[in-house]
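The next block is final_28.pdb, given as PDB, C-alpha atoms.
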ATOM      1  CA  MET A   1      12.109 -17.656  -7.350
ATOM      2  CA  ALA A   2      10.596 -14.488  -5.992
ATOM      3  CA  ASN A   3       7.540 -15.032  -3.905
ATOM      4  CA  PHE A   4       4.493 -12.968  -3.019
ATOM      5  CA  ALA A   5       5.993 -11.809   0.239
ATOM      6  CA  ASN A   6       9.027 -10.487  -1.551
ATOM      7  CA  LEU A   7       7.681  -8.046  -4.069
ATOM      8  CA  GLU A   8       9.595  -5.012  -2.901
ATOM      9  CA  ASN A   9      13.096  -6.368  -3.636
ATOM     10  CA  LYS A  10      13.064  -5.942  -7.319
ATOM     11  CA  SER A  11      13.615  -3.836 -10.321
ATOM     12  CA  TYR A  12      10.296  -5.369 -11.326
ATOM     13  CA  MET A  13      11.793  -8.712 -12.192
ATOM     14  CA  ASP A  14      14.571 -10.691 -10.662
ATOM     15  CA  HIS A  15      16.919 -12.991 -12.516
ATOM     16  CA  ALA A  16      15.116 -16.245 -11.735
ATOM     17  CA  ASP A  17      11.782 -14.736 -12.752
ATOM     18  CA  ALA A  18      13.207 -13.549 -16.062
ATOM     19  CA  ALA A  19      14.716 -16.960 -16.801
ATOM     20  CA  LEU A  20      11.497 -18.756 -15.934
ATOM     21  CA  LEU A  21       9.546 -16.322 -18.087
ATOM     22  CA  GLU A  22      11.716 -17.067 -21.084
ATOM     23  CA  ARG A  23      11.110 -20.772 -20.652
ATOM     24  CA  LEU A  24       7.370 -20.192 -20.237
ATOM     25  CA  VAL A  25       7.192 -18.092 -23.377
ATOM     26  CA  SER A  26       8.867 -20.891 -25.285
ATOM     27  CA  LYS A  27       6.136 -23.221 -23.918
ATOM     28  CA  GLU A  28       8.523 -25.474 -22.038
ATOM     29  CA  GLU A  29       6.359 -27.911 -20.128
ATOM     30  CA  ARG A  30       8.655 -28.203 -17.126
ATOM     31  CA  ALA A  31       8.557 -24.439 -16.690
ATOM     32  CA  PHE A  32       4.768 -24.603 -16.341
ATOM     33  CA  ARG A  33       5.105 -27.232 -13.663
ATOM     34  CA  GLU A  34       7.734 -25.154 -11.825
ATOM     35  CA  LEU A  35       5.494 -22.108 -11.948
ATOM     36  CA  MET A  36       2.631 -24.084 -10.480
ATOM     37  CA  ASP A  37       4.852 -25.578  -7.803
ATOM     38  CA  ASP A  38       6.018 -22.104  -6.824
ATOM     39  CA  TYR A  39       2.740 -20.217  -7.011
ATOM     40  CA  GLY A  40       0.060 -22.896  -6.784
ATOM     41  CA  LYS A  41      -0.282 -22.805  -3.001
ATOM     42  CA  ARG A  42      -0.403 -19.027  -2.824
ATOM     43  CA  VAL A  43      -2.905 -18.699  -5.650
ATOM     44  CA  TYR A  44      -5.056 -21.422  -4.099
ATOM     45  CA  ASN A  45      -4.987 -19.771  -0.674
ATOM     46  CA  THR A  46      -5.772 -16.369  -2.149
ATOM     47  CA  CYS A  47      -8.750 -17.895  -3.936
ATOM     48  CA  LEU A  48      -9.824 -19.537  -0.690
ATOM     49  CA  GLY A  49      -9.543 -16.180   1.072
ATOM     50  CA  PHE A  50     -11.901 -14.612  -1.445
ATOM     51  CA  LEU A  51     -14.269 -17.479  -2.207
ATOM     52  CA  LYS A  52     -14.277 -19.387   1.118
ATOM     53  CA  ASN A  53     -15.020 -22.650  -0.573
ATOM     54  CA  GLU A  54     -12.431 -25.231  -1.510
ATOM     55  CA  GLU A  55     -14.116 -26.508  -4.685
ATOM     56  CA  ASP A  56     -14.586 -22.997  -6.025
ATOM     57  CA  ALA A  57     -11.029 -22.111  -5.004
ATOM     58  CA  GLU A  58      -9.609 -25.107  -6.865
ATOM     59  CA  ASP A  59     -11.714 -24.321  -9.895
ATOM     60  CA  VAL A  60     -10.570 -20.697  -9.990
ATOM     61  CA  THR A  61      -6.938 -21.667  -9.303
ATOM     62  CA  GLN A  62      -7.023 -23.784 -12.448
ATOM     63  CA  GLU A  63      -8.577 -20.898 -14.375
ATOM     64  CA  VAL A  64      -5.846 -18.561 -13.127
ATOM     65  CA  PHE A  65      -3.063 -20.828 -14.378
ATOM     66  CA  ILE A  66      -4.812 -21.441 -17.682
ATOM     67  CA  GLU A  67      -4.994 -17.660 -18.104
ATOM     68  CA  VAL A  68      -1.334 -17.308 -17.115
ATOM     69  CA  PHE A  69      -0.272 -19.958 -19.615
ATOM     70  CA  LYS A  70      -2.370 -18.483 -22.378
ATOM     71  CA  SER A  71      -1.302 -14.891 -21.906
ATOM     72  CA  ILE A  72       2.308 -15.330 -20.841
ATOM     73  CA  ALA A  73       3.512 -14.146 -24.268
ATOM     74  CA  SER A  74       1.658 -10.860 -23.879
ATOM     75  CA  PHE A  75       2.957 -10.208 -20.339
ATOM     76  CA  GLU A  76       4.552  -6.768 -20.579
ATOM     77  CA  ARG A  77       7.013  -7.220 -17.700
ATOM     78  CA  LYS A  78       6.091  -3.889 -16.135
ATOM     79  CA  SER A  79       5.543  -5.680 -12.848
ATOM     80  CA  SER A  80       6.902  -8.813 -11.248
ATOM     81  CA  VAL A  81       5.458 -12.189 -12.193
ATOM     82  CA  SER A  82       3.961 -12.579  -8.731
ATOM     83  CA  THR A  83       2.168  -9.219  -8.907
ATOM     84  CA  TRP A  84       0.828 -10.145 -12.330
ATOM     85  CA  ILE A  85      -0.392 -13.545 -11.122
ATOM     86  CA  TYR A  86      -1.996 -11.890  -8.099
ATOM     87  CA  ARG A  87      -3.892  -9.480 -10.379
ATOM     88  CA  ILE A  88      -5.172 -12.355 -12.494
ATOM     89  CA  THR A  89      -6.171 -14.245  -9.348
ATOM     90  CA  ILE A  90      -8.144 -11.330  -7.940
ATOM     91  CA  THR A  91      -9.849 -10.627 -11.260
ATOM     92  CA  LYS A  92     -10.832 -14.292 -11.614
ATOM     93  CA  CYS A  93     -12.123 -14.459  -8.033
ATOM     94  CA  LEU A  94     -14.229 -11.325  -8.497
ATOM     95  CA  ASP A  95     -15.560 -12.614 -11.824
ATOM     96  CA  HIS A  96     -16.453 -15.902 -10.164
ATOM     97  CA  GLN A  97     -18.288 -14.103  -7.358
ATOM     98  CA  LYS A  98     -20.162 -11.901  -9.809
ATOM     99  CA  ALA A  99     -21.193 -14.920 -11.874
ATOM    100  CA  ALA A 100     -22.362 -16.690  -8.712
ATOM    101  CA  LYS A 101     -24.414 -13.658  -7.676
ATOM    102  CA  ALA A 102     -25.947 -13.362 -11.142
ATOM    103  CA  LYS A 103     -26.763 -17.080 -11.025
ATOM    104  CA  LYS A 104     -28.483 -16.622  -7.675
ATOM    105  CA  ARG A 105     -30.446 -13.613  -8.935
ATOM    106  CA  PHE A 106     -31.772 -15.496 -11.927
ATOM    107  CA  ALA A 107     -32.245 -18.822 -10.189
ATOM    108  CA  PHE A 108     -35.684 -17.868  -8.935
ATOM    109  CA  VAL A 109     -36.932 -16.769 -12.355
ATOM    110  CA  GLN A 110     -35.394 -19.817 -13.986
ATOM    111  CA  SER A 111     -36.984 -22.149 -11.480
ATOM    112  CA  LEU A 112     -40.376 -20.552 -12.242
ATOM    113  CA  PHE A 113     -40.072 -21.748 -15.799
ATOM    114  CA  GLY A 114     -38.598 -25.099 -14.850
ATOM    115  CA  LEU A 115     -35.283 -24.149 -16.404
ATOM    116  CA  ASN A 116     -31.940 -24.890 -14.924
ATOM    117  CA  ASP A 117     -33.122 -27.122 -12.092
ATOM    118  CA  GLU A 118     -29.782 -28.859 -11.707
ATOM    119  CA  GLU A 119     -27.826 -25.635 -11.449
ATOM    120  CA  HIS A 120     -30.388 -24.228  -9.041
ATOM    121  CA  ARG A 121     -29.878 -27.139  -6.689
ATOM    122  CA  ALA A 122     -26.110 -26.862  -6.946
ATOM    123  CA  LEU A 123     -26.051 -23.159  -6.247
ATOM    124  CA  PRO A 124     -23.108 -21.728  -4.400
ATOM    125  CA  ASN A 125     -22.035 -21.499  -1.811
ATOM    126  CA  ASP A 126     -21.551 -22.903   1.628
ATOM    127  CA  MET A 127     -18.438 -21.840   3.417
ATOM    128  CA  LYS A 128     -16.020 -24.729   3.206
ATOM    129  CA  HIS A 129     -12.585 -23.502   4.180
ATOM    130  CA  PRO A 130     -10.215 -26.275   5.233
ATOM    131  CA  GLY A 131      -7.863 -23.858   6.968
ATOM    132  CA  ILE A 132     -10.328 -22.954   9.697
ATOM    133  CA  VAL A 133     -10.427 -24.887  12.949
ATOM    134  CA  LEU A 134     -13.805 -26.134  14.122
ATOM    135  CA  GLU A 135     -14.156 -23.875  17.167
ATOM    136  CA  ASP A 136     -13.571 -20.752  15.043
ATOM    137  CA  LYS A 137     -16.063 -21.715  12.367
ATOM    138  CA  GLU A 138     -19.021 -19.736  13.686
ATOM    139  CA  ARG A 139     -17.009 -16.565  14.228
ATOM    140  CA  VAL A 140     -15.331 -16.859  10.835
ATOM    141  CA  LYS A 141     -18.704 -17.222   9.187
ATOM    142  CA  ILE A 142     -19.911 -14.001  10.817
ATOM    143  CA  LEU A 143     -16.668 -12.245   9.926
ATOM    144  CA  PHE A 144     -16.705 -13.383   6.289
ATOM    145  CA  GLN A 145     -20.292 -12.203   5.923
ATOM    146  CA  ALA A 146     -19.225  -8.800   7.196
ATOM    147  CA  ILE A 147     -16.234  -8.766   4.811
ATOM    148  CA  GLU A 148     -18.525  -9.667   1.906
ATOM    149  CA  SER A 149     -20.640  -6.603   2.581
ATOM    150  CA  LEU A 150     -17.652  -4.237   2.242
ATOM    151  CA  GLY A 151     -17.048  -2.306  -0.972
ATOM    152  CA  GLU A 152     -14.995  -4.140  -3.596
ATOM    153  CA  ASN A 153     -11.715  -2.258  -3.099
ATOM    154  CA  GLN A 154     -11.958  -2.384   0.681
ATOM    155  CA  ARG A 155     -12.649  -6.109   0.488
ATOM    156  CA  ILE A 156      -9.658  -6.761  -1.789
ATOM    157  CA  ALA A 157      -7.273  -4.691   0.327
ATOM    158  CA  PHE A 158      -8.514  -6.197   3.590
ATOM    159  CA  THR A 159      -8.294  -9.776   2.328
ATOM    160  CA  LEU A 160      -4.822  -9.308   0.868
ATOM    161  CA  CYS A 161      -3.578  -7.677   4.056
ATOM    162  CA  ASN A 162      -5.233  -9.749   6.742
ATOM    163  CA  VAL A 163      -5.799 -13.112   5.120
ATOM    164  CA  GLU A 164      -2.809 -13.242   2.781
ATOM    165  CA  GLY A 165      -0.436 -11.142   4.879
ATOM    166  CA  LEU A 166       0.792  -8.873   2.100
ATOM    167  CA  THR A 167       2.454  -5.577   2.981
ATOM    168  CA  TYR A 168       0.878  -2.232   2.093
ATOM    169  CA  LYS A 169       3.406  -1.766  -0.700
ATOM    170  CA  GLU A 170       2.654  -5.161  -2.185
ATOM    171  CA  ILE A 171      -1.081  -4.491  -2.044
ATOM    172  CA  ALA A 172      -0.525  -1.106  -3.701
ATOM    173  CA  GLU A 173       1.325  -2.795  -6.571
ATOM    174  CA  VAL A 174      -1.280  -5.486  -7.031
ATOM    175  CA  MET A 175      -4.183  -3.021  -6.954
ATOM    176  CA  GLU A 176      -2.278  -0.379  -8.925
ATOM    177  CA  ILE A 177      -2.950   2.373  -6.399
ATOM    178  CA  SER A 178      -0.750   4.386  -4.016
ATOM    179  CA  VAL A 179       0.303   3.148  -0.587
ATOM    180  CA  ALA A 180      -1.646   6.037   0.965
ATOM    181  CA  SER A 181      -4.796   4.815  -0.785
ATOM    182  CA  VAL A 182      -4.190   1.313   0.563
ATOM    183  CA  GLU A 183      -3.840   2.704   4.086
ATOM    184  CA  SER A 184      -7.046   4.649   3.674
ATOM    185  CA  LEU A 185      -8.902   1.631   2.263
ATOM    186  CA  LEU A 186      -7.725  -0.578   5.121
ATOM    187  CA  PHE A 187      -8.606   2.010   7.747
ATOM    188  CA  ARG A 188     -12.115   2.364   6.367
ATOM    189  CA  ALA A 189     -12.488  -1.388   5.940
ATOM    190  CA  LYS A 190     -11.578  -2.028   9.594
ATOM    191  CA  LYS A 191     -13.893   0.691  10.797
ATOM    192  CA  ASN A 192     -16.779  -0.596   8.693
ATOM    193  CA  LEU A 193     -16.149  -4.146   9.841
ATOM    194  CA  GLN A 194     -16.182  -3.109  13.487
ATOM    195  CA  THR A 195     -19.475  -1.261  13.003
ATOM    196  CA  LYS A 196     -21.044  -4.194  11.157
ATOM    197  CA  LEU A 197     -19.888  -6.713  13.758
ATOM    198  CA  GLU A 198     -21.089  -4.491  16.614
ATOM    199  CA  ASN A 199     -24.498  -4.213  14.962
ATOM    200  CA  TYR A 200     -24.579  -7.961  14.448
ATOM    201  CA  TYR A 201     -23.761  -8.743  18.077
ATOM    202  CA  LYS A 202     -26.196  -6.092  19.358
ATOM    203  CA  LYS A 203     -28.974  -7.783  17.389
ATOM    204  CA  ASN A 204     -28.031 -11.326  18.291
ATOM    205  CA  LYS A 205     -27.073 -11.051  21.961
TER     206      LYS A 205
ATOM    207  CA  MET B   1     -21.974  -0.636  30.169
ATOM    208  CA  LYS B   2     -21.166  -4.292  30.757
ATOM    209  CA  LYS B   3     -23.141  -5.279  27.672
ATOM    210  CA  GLU B   4     -21.148  -2.825  25.541
ATOM    211  CA  LYS B   5     -17.918  -4.250  26.908
ATOM    212  CA  ASN B   6     -19.096  -7.739  26.025
ATOM    213  CA  ILE B   7     -19.942  -6.683  22.474
ATOM    214  CA  SER B   8     -16.588  -4.992  22.073
ATOM    215  CA  ASP B   9     -14.852  -8.173  23.316
ATOM    216  CA  GLU B  10     -16.855 -10.269  20.860
ATOM    217  CA  VAL B  11     -15.875  -7.976  17.976
ATOM    218  CA  ASP B  12     -12.191  -8.154  18.944
ATOM    219  CA  ALA B  13     -12.358 -11.928  19.282
ATOM    220  CA  THR B  14     -14.030 -12.226  15.879
ATOM    221  CA  LEU B  15     -11.390 -10.081  14.195
ATOM    222  CA  GLU B  16      -8.602 -12.072  15.864
ATOM    223  CA  VAL B  17      -9.862 -15.244  14.230
ATOM    224  CA  LEU B  18      -8.241 -14.078  10.997
ATOM    225  CA  GLN B  19      -4.812 -14.692  12.482
ATOM    226  CA  ARG B  20      -5.661 -18.341  13.048
ATOM    227  CA  ILE B  21      -6.682 -19.182   9.484
ATOM    228  CA  SER B  22      -3.958 -21.469   8.258
ATOM    229  CA  GLN B  23      -2.574 -21.893   4.760
ATOM    230  CA  VAL B  24      -3.829 -24.958   2.921
ATOM    231  CA  GLU B  25      -2.081 -27.213   0.430
ATOM    232  CA  PRO B  26      -3.818 -27.359  -2.943
ATOM    233  CA  ASN B  27      -4.781 -30.620  -4.610
ATOM    234  CA  ALA B  28      -1.680 -32.710  -5.342
ATOM    235  CA  PHE B  29      -2.813 -33.127  -8.946
ATOM    236  CA  LEU B  30      -3.392 -29.427  -9.572
ATOM    237  CA  TYR B  31      -0.925 -29.363 -12.479
ATOM    238  CA  GLU B  32      -2.400 -32.420 -14.189
ATOM    239  CA  LYS B  33      -5.955 -31.195 -13.679
ATOM    240  CA  THR B  34      -5.119 -27.747 -15.048
ATOM    241  CA  MET B  35      -3.375 -29.180 -18.096
ATOM    242  CA  ASN B  36      -6.227 -31.546 -18.726
ATOM    243  CA  ARG B  37      -8.754 -28.738 -18.431
ATOM    244  CA  MET B  38      -6.754 -26.471 -20.684
ATOM    245  CA  GLN B  39      -6.869 -29.095 -23.429
ATOM    246  CA  THR B  40     -10.464 -30.199 -23.077
ATOM    247  CA  VAL B  41     -12.892 -27.679 -21.600
ATOM    248  CA  LYS B  42     -14.227 -24.851 -23.727
ATOM    249  CA  GLU B  43     -14.902 -22.253 -21.063
ATOM    250  CA  PRO B  44     -16.958 -19.639 -22.909
ATOM    251  CA  MET B  45     -19.758 -22.118 -23.584
ATOM    252  CA  LEU B  46     -20.682 -22.146 -19.884
ATOM    253  CA  GLY B  47     -21.085 -18.396 -19.783
ATOM    254  CA  ARG B  48     -22.910 -18.306 -23.089
ATOM    255  CA  SER B  49     -25.420 -20.923 -22.059
ATOM    256  CA  LEU B  50     -26.000 -19.142 -18.741
ATOM    257  CA  PHE B  51     -26.609 -15.813 -20.460
ATOM    258  CA  PHE B  52     -28.870 -17.477 -22.999
ATOM    259  CA  ARG B  53     -30.993 -18.986 -20.243
ATOM    260  CA  GLN B  54     -31.102 -15.728 -18.314
ATOM    261  CA  SER B  55     -32.128 -13.820 -21.425
ATOM    262  CA  LEU B  56     -34.768 -16.419 -22.223
ATOM    263  CA  ALA B  57     -36.201 -16.146 -18.705
ATOM    264  CA  VAL B  58     -36.367 -12.345 -18.950
ATOM    265  CA  VAL B  59     -38.044 -12.466 -22.378
ATOM    266  CA  LEU B  60     -40.621 -14.946 -21.107
ATOM    267  CA  VAL B  61     -41.419 -12.797 -18.080
ATOM    268  CA  LEU B  62     -41.863  -9.746 -20.321
ATOM    269  CA  LEU B  63     -44.147 -11.689 -22.656
ATOM    270  CA  VAL B  64     -46.363 -12.809 -19.786
ATOM    271  CA  VAL B  65     -46.546  -9.266 -18.377
ATOM    272  CA  ASN B  66     -47.418  -7.918 -21.848
ATOM    273  CA  ALA B  67     -50.110 -10.535 -22.332
ATOM    274  CA  PHE B  68     -51.710  -9.722 -18.983
ATOM    275  CA  THR B  69     -51.571  -5.994 -19.707
ATOM    276  CA  PHE B  70     -53.153  -6.516 -23.115
ATOM    277  CA  VAL B  71     -55.996  -8.628 -21.724
ATOM    278  CA  TYR B  72     -56.576  -6.235 -18.829
ATOM    279  CA  LEU B  73     -56.654  -3.131 -21.007
ATOM    280  CA  SER B  74     -58.847  -4.662 -23.695
ATOM    281  CA  LYS B  75     -61.397  -5.594 -21.016
ATOM    282  CA  ASN B  76     -61.417  -2.226 -19.282
ATOM    283  CA  MET B  77     -60.801   0.431 -21.914
ATOM    284  CA  GLY B  78     -63.898  -0.230 -24.043
ATOM    285  CA  SER B  79     -66.312  -0.712 -21.142
ATOM    286  CA  ASN B  80     -68.078   2.693 -21.520
ATOM    287  CA  GLU B  81     -68.995   2.107 -25.130
ATOM    288  CA  THR B  82     -72.091  -0.017 -25.837
ATOM    289  CA  LYS B  83     -73.755  -0.832 -29.109
ATOM    290  CA  ALA B  84     -76.536   1.703 -28.347
ATOM    291  CA  SER B  85     -74.142   4.524 -27.575
ATOM    292  CA  ARG B  86     -72.182   3.736 -30.731
ATOM    293  CA  ASN B  87     -75.388   3.961 -32.827
ATOM    294  CA  TYR B  88     -76.391   7.186 -31.090
ATOM    295  CA  ASP B  89     -72.998   8.693 -31.941
ATOM    296  CA  LEU B  90     -73.433   7.757 -35.593
ATOM    297  CA  VAL B  91     -76.918   9.330 -35.752
ATOM    298  CA  SER B  92     -75.831  12.510 -34.025
ATOM    299  CA  ASP B  93     -72.824  12.787 -36.326
ATOM    300  CA  TYR B  94     -75.145  12.397 -39.300
ATOM    301  CA  ARG B  95     -77.463  15.114 -37.956
ATOM    302  CA  LEU B  96     -74.525  17.394 -37.352
ATOM    303  CA  ASP B  97     -73.409  16.944 -40.966
ATOM    304  CA  GLU B  98     -76.939  17.661 -42.242
ATOM    305  CA  SER B  99     -77.277  20.848 -40.240
ATOM    306  CA  GLN B 100     -73.868  22.031 -41.446
ATOM    307  CA  ASN B 101     -74.944  21.435 -45.059
ATOM    308  CA  ASN B 102     -78.090  23.559 -44.602
ATOM    309  CA  TYR B 103     -76.026  26.540 -43.760
TER     310      TYR B 103
END

Serialized structure, structure tokens:
Amino acid sequence: MANFANLENKSYMDHADAALLERLVSKEERAFRELMDDYGKRVYNTCLGFLKNEEDAEDVTQEVFIEVFKSIASFERKSSVSTWIYRITITKCLDHQKAAKAKKRFAFVQSLFGLNDEEHRALPNDMKHPGIVLEDKERVKILFQAIESLGENQRIAFTLCNVEGLTYKEIAEVMEISVASVESLLFRAKKNLQTKLENYYKKNK
Amino acid sequence: MKKEKNISDEVDATLEVLQRISQVEPNAFLYEKTMNRMQTVKEPMLGRSLFFRQSLAVVLVLLVVNAFTFVYLSKNMGSNETKASRNYDLVSDYRLDESQNNY
């Protein structure tokens, strides 16, 4: 099975991928389980990288696989399965973040009218990332806040590169842009992050 | 100078933290949960109900603003006109008509 860190060795789809795809299209249940065994951890960790909260990440991981299962028949095979799953993952994560922001924006108005009290109390979203050691927690929180304030493309490229460890070429395939654009996005993202962190520490030291 | 060096060190240390974030195993029952959810939950309803509530909140806010505007304007716009001035206007209009008829 090809994995996310192996996107470049392909004429879009390797043999194992093609065989698995056939079984998925024919709705073979064991194929679904295999797919989840192979990609579940990576999808979950990508979601964690974007959402920084394990409950949200699990929720979105399930949504990603539901989407994969539902749309496997319409997969055009112009990219590898992993690239396709990555695209779905990123889209779902961004949708989830947008929905959470919209929820936050309307929470105040809704609470004025006594609507939606339960949802208001359960609003997202404390950082709850199980992969972070305790002593790094404060720094990570500051860093993630800075990453959140980047533009969408910069944020995606930076997270895929630095949190997920994808190569520039892999990121280019997932984002459907050129490698040069990825380099430019990452350069700007790093520069912006440094400026934001410097400003933060100047204010808080 | 020393303060700037400290800030630069802090920034570097913060960026280095990314290298120490470890990969996490997902829930052991991810497959079962996903399958269960695929068969039971109707996703769009959540979104629809959220949008409905948001729209309702916006409509209510607009109604309140409109009501206040209406009350405010109805109190202030007609304040120069009294019963006496209205009667005077009627009489003067009548006189104007009369004088026009004479010519």

Exercise for the section: Taking all atoms listed in the file into account, report as a ChimeraX atom specification which residues of chain B lie within 9 Å of chain A. Expected result: /B:3-4,7-8,10-15,17-27,30-31,33-35,37-38,47,50,53-54,56-58,60-61

Exercise for the section: For each of A:Ala157, A:Ala73, A:Val182, A:Cys93, take the minimum atom-to-atom distance to Phe50 in chain A, counting all atoms listed in the file, then give the residue where this is smallest. Expected result: A:Cys93

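CA of Asp17 in chain A sits 9.1 Å away from CA of Ser82 in chain A.
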
Handout entry: Straight-line distance linking CA of Tyr168 in chain A with CA of Leu186 in chain A, stated in Å to one decimal
Key =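 Going from CA of Tyr168 in chain A over to CA of Leu186 in chain A covers 9.3 Å.
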
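From CA of Thr83 in chain A back to CA of Tyr39 in chain A, the distance works out to 11.2 Å.
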
Handout entry: From A:Asp56, A:Glu22, A:Glu152, A:Glu29, residue lying nearest Met175 in chain A [all atoms listed in the file]
Key = A:Glu152

Exercise for the section: Identify the residues within 9 Å of coordinate (-1.8, -11.7, -6.3) (same frame as the file), considering all atoms listed in the file, and give the answer as a ChimeraX atom specification. Expected result: /A:4,42-43,46,82-90,160,170-171,174

Please enclose the listed atoms of range 186-190 of chain A in an axis-aligned box, pad each side by 8 Å, and write out the centre and the three edge lengths in Å, rounded to one decimal, as AutoDock Vina command-line options.
--center_x -10.1 --center_y 0.2 --center_z 7.4 --size_x 20.8 --size_y 20.4 --size_z 20.5

Any chance you could model N, CA and C atoms for range 24-42 of chain B and send them as a PDB file, in the frame of the given file?
ATOM      1  N   VAL B  24      -3.420 -23.604   3.287  1.00  0.00           N
ATOM      2  CA  VAL B  24      -3.829 -24.958   2.921  1.00  0.00           C
ATOM      3  C   VAL B  24      -3.084 -25.400   1.665  1.00  0.00           C
ATOM      4  N   GLU B  25      -2.723 -26.674   1.630  1.00  0.00           N
ATOM      5  CA  GLU B  25      -2.081 -27.213   0.430  1.00  0.00           C
ATOM      6  C   GLU B  25      -3.136 -27.451  -0.647  1.00  0.00           C
ATOM      7  N   PRO B  26      -2.850 -27.066  -1.875  1.00  0.00           N
ATOM      8  CA  PRO B  26      -3.818 -27.359  -2.943  1.00  0.00           C
ATOM      9  C   PRO B  26      -3.794 -28.847  -3.302  1.00  0.00           C
ATOM     10  N   ASN B  27      -4.722 -29.237  -4.141  1.00  0.00           N
ATOM     11  CA  ASN B  27      -4.781 -30.620  -4.610  1.00  0.00           C
ATOM     12  C   ASN B  27      -3.430 -31.038  -5.214  1.00  0.00           C
ATOM     13  N   ALA B  28      -2.995 -32.244  -4.871  1.00  0.00           N
ATOM     14  CA  ALA B  28      -1.680 -32.710  -5.342  1.00  0.00           C
ATOM     15  C   ALA B  28      -1.632 -32.818  -6.866  1.00  0.00           C
ATOM     16  N   PHE B  29      -2.792 -32.961  -7.486  1.00  0.00           N
ATOM     17  CA  PHE B  29      -2.813 -33.127  -8.946  1.00  0.00           C
ATOM     18  C   PHE B  29      -3.253 -31.839  -9.655  1.00  0.00           C
ATOM     19  N   LEU B  30      -2.969 -30.711  -9.010  1.00  0.00           N
ATOM     20  CA  LEU B  30      -3.392 -29.427  -9.572  1.00  0.00           C
ATOM     21  C   LEU B  30      -2.843 -29.225 -10.993  1.00  0.00           C
ATOM     22  N   TYR B  31      -1.548 -29.553 -11.169  1.00  0.00           N
ATOM     23  CA  TYR B  31      -0.925 -29.363 -12.479  1.00  0.00           C
ATOM     24  C   TYR B  31      -1.614 -30.223 -13.539  1.00  0.00           C
ATOM     25  N   GLU B  32      -1.791 -31.497 -13.222  1.00  0.00           N
ATOM     26  CA  GLU B  32      -2.400 -32.420 -14.189  1.00  0.00           C
ATOM     27  C   GLU B  32      -3.834 -31.981 -14.519  1.00  0.00           C
ATOM     28  N   LYS B  33      -4.562 -31.614 -13.466  1.00  0.00           N
ATOM     29  CA  LYS B  33      -5.955 -31.195 -13.679  1.00  0.00           C
ATOM     30  C   LYS B  33      -6.020 -29.947 -14.559  1.00  0.00           C
ATOM     31  N   THR B  34      -5.115 -29.003 -14.284  1.00  0.00           N
ATOM     32  CA  THR B  34      -5.119 -27.747 -15.048  1.00  0.00           C
ATOM     33  C   THR B  34      -4.801 -28.016 -16.513  1.00  0.00           C
ATOM     34  N   MET B  35      -3.766 -28.867 -16.723  1.00  0.00           N
ATOM     35  CA  MET B  35      -3.375 -29.180 -18.096  1.00  0.00           C
ATOM     36  C   MET B  35      -4.510 -29.879 -18.838  1.00  0.00           C
ATOM     37  N   ASN B  36      -5.128 -30.798 -18.135  1.00  0.00           N
ATOM     38  CA  ASN B  36      -6.227 -31.546 -18.726  1.00  0.00           C
ATOM     39  C   ASN B  36      -7.371 -30.608 -19.103  1.00  0.00           C
ATOM     40  N   ARG B  37      -7.658 -29.678 -18.191  1.00  0.00           N
ATOM     41  CA  ARG B  37      -8.754 -28.738 -18.431  1.00  0.00           C
ATOM     42  C   ARG B  37      -8.429 -27.793 -19.584  1.00  0.00           C
ATOM     43  N   MET B  38      -7.160 -27.403 -19.635  1.00  0.00           N
ATOM     44  CA  MET B  38      -6.754 -26.471 -20.684  1.00  0.00           C
ATOM     45  C   MET B  38      -6.960 -27.109 -22.064  1.00  0.00           C
ATOM     46  N   GLN B  39      -6.761 -28.422 -22.125  1.00  0.00           N
ATOM     47  CA  GLN B  39      -6.869 -29.095 -23.429  1.00  0.00           C
ATOM     48  C   GLN B  39      -8.296 -29.498 -23.781  1.00  0.00           C
ATOM     49  N   THR B  40      -9.147 -29.641 -22.771  1.00  0.00           N
ATOM     50  CA  THR B  40     -10.464 -30.199 -23.077  1.00  0.00           C
ATOM     51  C   THR B  40     -11.628 -29.216 -22.961  1.00  0.00           C
ATOM     52  N   VAL B  41     -11.689 -28.483 -21.850  1.00  0.00           N
ATOM     53  CA  VAL B  41     -12.892 -27.679 -21.600  1.00  0.00           C
ATOM     54  C   VAL B  41     -12.897 -26.416 -22.428  1.00  0.00           C
ATOM     55  N   LYS B  42     -14.071 -26.125 -23.037  1.00  0.00           N
ATOM     56  CA  LYS B  42     -14.227 -24.851 -23.727  1.00  0.00           C
ATOM     57  C   LYS B  42     -15.011 -23.938 -22.810  1.00  0.00           C
TER      58      LYS B  42
END
